[in-house]
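Here is the structure we will look at, set down as structure tokens.
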Amino acid sequence: MDAAARRTAAVTQGAARLLVALGHAVLREVVLPHGRRADLLALAPDDSFAVVEVKSCARDFLADAKWPEYRAFCDRLFFAVDPDFPHVLLPQDAGVLVADAYGGAVLREAPHHPLARARRRALLGRFARLAARRLEGLLDPAGLGDATGER
């Protein structure tokens, strides 16, 4: 694993640990209904959803034009970065989490943009099915066989 991949893994782990500590249920690598993959999808204690986009470096952020598409599938959008990331590059209308492999902190809260009720319900069902499939895959890897569905 190269340095950028290690940094991405560390920031992802720390951001997930932070969200869990804040009471969220967290899933990694979630394909959203429009086909884009969210690095983290978190269900908050108030049943709101947050998408966290992990950025390993400034070049990673500047090369990515897809992140605005995540807004349609969350109440809050965050970027998770390491402490050395130049925060001034990140848009003001998104939250910022600073994280390393051991945990993180909320540097800036994300503005709240409530999902429509029907979209929230569909996303909640997707979240539950994916979490259940992943748990069952851990408990009985051979039992999933050729099961298809959301990833």
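If you're wondering about the labels, chains in the structure tokens are A, B, ... by order shown, residues count from 1 in each chain, ligands from 1 in order shown.
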Checklist entry - Counting only C-alpha atoms, what is within 12 Å of A:Arg59, bar same-chain residues fewer than 2 positions away, as number ranges by chain? => result A: 4, 55-57, 61-65, 85-86, 89
Store the residues picked out above, limited to N, CA and C atoms, as a tab-separated table (two decimals), in the first residue's frame.
```tsv
chain	number	residue	atom	x	y	z
A	4	ALA	N	-0.28	7.41	-0.03
A	4	ALA	CA	-1.60	8.02	-0.16
A	4	ALA	C	-2.70	7.05	0.30
A	55	LYS	N	-10.55	12.77	1.85
A	55	LYS	CA	-9.56	13.30	0.92
A	55	LYS	C	-8.18	13.13	1.51
A	56	SER	N	-7.30	12.47	0.74
A	56	SER	CA	-5.97	12.14	1.24
A	56	SER	C	-4.98	13.29	1.09
A	57	CYS	N	-5.25	14.19	0.13
A	57	CYS	CA	-4.33	15.30	-0.11
A	57	CYS	C	-5.03	16.34	-0.97
A	61	PHE	N	-8.41	16.21	-3.65
A	61	PHE	CA	-9.59	17.08	-3.61
A	61	PHE	C	-9.77	17.85	-4.92
A	62	LEU	N	-8.70	18.43	-5.42
A	62	LEU	CA	-8.79	19.26	-6.63
A	62	LEU	C	-9.15	18.45	-7.88
A	63	ALA	N	-8.82	17.16	-7.88
A	63	ALA	CA	-9.13	16.31	-9.03
A	63	ALA	C	-10.56	15.75	-8.98
A	64	ASP	N	-11.26	15.96	-7.88
A	64	ASP	CA	-12.58	15.37	-7.67
A	64	ASP	C	-13.67	16.39	-7.94
A	65	ALA	N	-14.49	16.14	-8.94
A	65	ALA	CA	-15.60	17.03	-9.24
A	65	ALA	C	-16.95	16.39	-8.91
A	85	PHE	N	-3.76	18.70	5.91
A	85	PHE	CA	-4.50	19.12	4.71
A	85	PHE	C	-4.76	20.63	4.75
A	86	PRO	N	-4.59	21.33	3.62
A	86	PRO	CA	-4.87	22.77	3.59
A	86	PRO	C	-6.39	23.04	3.60
A	89	LEU	N	-8.89	25.01	1.16
A	89	LEU	CA	-9.37	24.49	-0.13
A	89	LEU	C	-10.80	23.98	-0.05
```
Checklist entry - Could you name the residues that touch A:Leu32 at 12 Å or less, counting only C-alpha atoms, but leaving out those on the same chain fewer than 5 positions away, as a VMD selection string? => result chain A and resid 27 37 to 41 51 69 to 74 119 122 to 127 130 150 to 151
Checklist entry - Would you give me, as a PyMOL selection string, the residues in chain A that DSSP reads as alpha helix (DSSP H)? => result chain A and resi 3-21+58-62+117-139
Item to check | Residue nearest A:Ala16 - candidates A:Leu115, A:Leu138, A:Val96, A:Val52, atoms counted: only C-alpha atoms | outcome: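 Closest residue, counting only C-alpha atoms: A:Val52.
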Next on the checklist: From a backbone DSSP assignment, name each residue in stretch 8-105 of chain A labelled strand (DSSP E), as a ChimeraX atom specification.
Outcome noted: /A:25-31,37-43,49-54,76-81,95-100,103-105
Export of prior selection with N, CA, C and O atoms as a tab-separated table (two decimals), in the first residue's frame:
```tsv
chain	number	residue	atom	x	y	z
A	25	ALA	N	-24.31	5.43	13.55
A	25	ALA	CA	-24.07	4.12	12.95
A	25	ALA	C	-23.38	4.41	11.62
A	25	ALA	O	-23.84	5.25	10.85
A	26	VAL	N	-22.27	3.73	11.35
A	26	VAL	CA	-21.43	4.07	10.20
A	26	VAL	C	-21.25	2.87	9.28
A	26	VAL	O	-20.96	1.77	9.74
A	27	LEU	N	-21.40	3.12	7.99
A	27	LEU	CA	-21.07	2.14	6.96
A	27	LEU	C	-20.01	2.75	6.05
A	27	LEU	O	-20.09	3.93	5.69
A	28	ARG	N	-19.04	1.94	5.67
A	28	ARG	CA	-17.99	2.38	4.76
A	28	ARG	C	-18.30	1.91	3.34
A	28	ARG	O	-18.93	0.88	3.15
A	29	GLU	N	-17.81	2.68	2.38
A	29	GLU	CA	-17.90	2.30	0.97
A	29	GLU	C	-19.33	1.93	0.58
A	29	GLU	O	-19.63	0.78	0.25
A	30	VAL	N	-20.21	2.90	0.57
A	30	VAL	CA	-21.62	2.66	0.26
A	30	VAL	C	-21.94	3.23	-1.13
A	30	VAL	O	-21.74	4.42	-1.37
A	31	VAL	N	-22.43	2.38	-2.00
A	31	VAL	CA	-22.87	2.83	-3.31
A	31	VAL	C	-24.26	3.44	-3.14
A	31	VAL	O	-25.19	2.79	-2.67
A	37	ARG	N	-20.05	6.27	-5.03
A	37	ARG	CA	-19.71	5.58	-3.79
A	37	ARG	C	-19.32	6.59	-2.72
A	37	ARG	O	-18.40	7.37	-2.90
A	38	ALA	N	-20.04	6.55	-1.61
A	38	ALA	CA	-19.71	7.39	-0.45
A	38	ALA	C	-18.66	6.67	0.37
A	38	ALA	O	-18.78	5.48	0.64
A	39	ASP	N	-17.62	7.40	0.78
A	39	ASP	CA	-16.59	6.79	1.62
A	39	ASP	C	-17.20	6.34	2.95
A	39	ASP	O	-16.95	5.23	3.41
A	40	LEU	N	-17.99	7.21	3.57
A	40	LEU	CA	-18.71	6.87	4.80
A	40	LEU	C	-20.14	7.38	4.67
A	40	LEU	O	-20.36	8.51	4.22
A	41	LEU	N	-21.08	6.56	5.09
A	41	LEU	CA	-22.47	6.98	5.23
A	41	LEU	C	-22.82	6.74	6.69
A	41	LEU	O	-22.68	5.62	7.20
A	42	ALA	N	-23.23	7.81	7.37
A	42	ALA	CA	-23.48	7.73	8.80
A	42	ALA	C	-24.93	8.10	9.11
A	42	ALA	O	-25.44	9.10	8.60
A	43	LEU	N	-25.54	7.28	9.94
A	43	LEU	CA	-26.90	7.54	10.43
A	43	LEU	C	-26.76	8.08	11.85
A	43	LEU	O	-26.28	7.39	12.75
A	49	PHE	N	-28.84	11.74	8.00
A	49	PHE	CA	-27.73	11.08	7.32
A	49	PHE	C	-26.62	12.07	7.02
A	49	PHE	O	-26.87	13.21	6.63
A	50	ALA	N	-25.39	11.59	7.19
A	50	ALA	CA	-24.22	12.36	6.79
A	50	ALA	C	-23.41	11.52	5.82
A	50	ALA	O	-23.24	10.32	6.02
A	51	VAL	N	-22.94	12.15	4.77
A	51	VAL	CA	-21.96	11.53	3.88
A	51	VAL	C	-20.64	12.18	4.21
A	51	VAL	O	-20.54	13.40	4.35
A	52	VAL	N	-19.61	11.34	4.34
A	52	VAL	CA	-18.26	11.84	4.58
A	52	VAL	C	-17.39	11.43	3.40
A	52	VAL	O	-17.27	10.24	3.08
A	53	GLU	N	-16.83	12.44	2.76
A	53	GLU	CA	-15.92	12.23	1.64
A	53	GLU	C	-14.50	12.39	2.18
A	53	GLU	O	-14.15	13.43	2.74
A	54	VAL	N	-13.70	11.33	2.07
A	54	VAL	CA	-12.34	11.33	2.59
A	54	VAL	C	-11.40	11.83	1.49
A	54	VAL	O	-11.44	11.34	0.35
A	76	ARG	N	-26.31	16.17	5.74
A	76	ARG	CA	-25.07	16.91	5.98
A	76	ARG	C	-23.95	16.25	5.19
A	76	ARG	O	-23.85	15.03	5.12
A	77	LEU	N	-23.08	17.10	4.62
A	77	LEU	CA	-21.93	16.63	3.87
A	77	LEU	C	-20.67	17.11	4.56
A	77	LEU	O	-20.53	18.30	4.86
A	78	PHE	N	-19.76	16.16	4.81
A	78	PHE	CA	-18.49	16.46	5.46
A	78	PHE	C	-17.33	16.01	4.57
A	78	PHE	O	-17.46	15.05	3.81
A	79	PHE	N	-16.22	16.67	4.73
A	79	PHE	CA	-14.94	16.18	4.22
A	79	PHE	C	-14.14	15.74	5.43
A	79	PHE	O	-14.14	16.42	6.46
A	80	ALA	N	-13.46	14.61	5.30
A	80	ALA	CA	-12.54	14.15	6.34
A	80	ALA	C	-11.14	14.22	5.75
A	80	ALA	O	-10.89	13.70	4.65
A	81	VAL	N	-10.26	14.89	6.47
A	81	VAL	CA	-8.90	15.12	6.00
A	81	VAL	C	-7.93	14.91	7.15
A	81	VAL	O	-8.32	14.89	8.32
A	95	GLY	N	-19.06	20.44	6.01
A	95	GLY	CA	-18.37	20.27	7.29
A	95	GLY	C	-16.98	19.72	7.07
A	95	GLY	O	-16.66	19.18	6.00
A	96	VAL	N	-16.15	19.85	8.11
A	96	VAL	CA	-14.78	19.36	8.04
A	96	VAL	C	-14.47	18.53	9.29
A	96	VAL	O	-14.66	19.01	10.41
A	97	LEU	N	-14.01	17.31	9.06
A	97	LEU	CA	-13.52	16.44	10.11
A	97	LEU	C	-12.02	16.29	9.91
A	97	LEU	O	-11.58	16.07	8.78
A	98	VAL	N	-11.26	16.43	10.97
A	98	VAL	CA	-9.83	16.19	10.91
A	98	VAL	C	-9.58	14.88	11.65
A	98	VAL	O	-10.05	14.72	12.79
A	99	ALA	N	-8.88	13.95	10.98
A	99	ALA	CA	-8.75	12.63	11.57
A	99	ALA	C	-7.41	12.00	11.25
A	99	ALA	O	-6.76	12.34	10.27
A	100	ASP	N	-7.02	11.07	12.13
A	100	ASP	CA	-5.89	10.19	11.88
A	100	ASP	C	-6.38	8.79	12.22
A	100	ASP	O	-7.57	8.59	12.45
A	103	GLY	N	-8.60	8.51	15.70
A	103	GLY	CA	-9.81	9.25	15.99
A	103	GLY	C	-9.81	10.56	15.24
A	103	GLY	O	-9.04	10.75	14.29
A	104	GLY	N	-10.67	11.46	15.66
A	104	GLY	CA	-10.76	12.72	14.95
A	104	GLY	C	-11.51	13.76	15.74
A	104	GLY	O	-11.89	13.54	16.89
A	105	ALA	N	-11.72	14.88	15.09
A	105	ALA	CA	-12.44	16.00	15.69
A	105	ALA	C	-13.23	16.70	14.60
A	105	ALA	O	-12.85	16.70	13.43
```
Checklist entry - Which residue gives the smallest distance to A:Ala15 among A:Met1, A:Ala44, A:Asp82, A:Arg117, with only C-alpha atoms counted? => result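 Smallest separation from A:Ala15 among the options: A:Asp82.
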Checklist entry - Hey, can you check how far atom CA of A:Lys66 sits from atom CA of A:Ala21? => result 28.2 Å
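Atom CA of A:Pro45 to atom CA of A:Ala10 spans 24.6 Å [interatomic distance, one decimal].
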Checklist entry - By how many Å are atom CA of A:Gly14 and atom CA of A:His113 apart? => result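 A separation of 24.6 Å between them.
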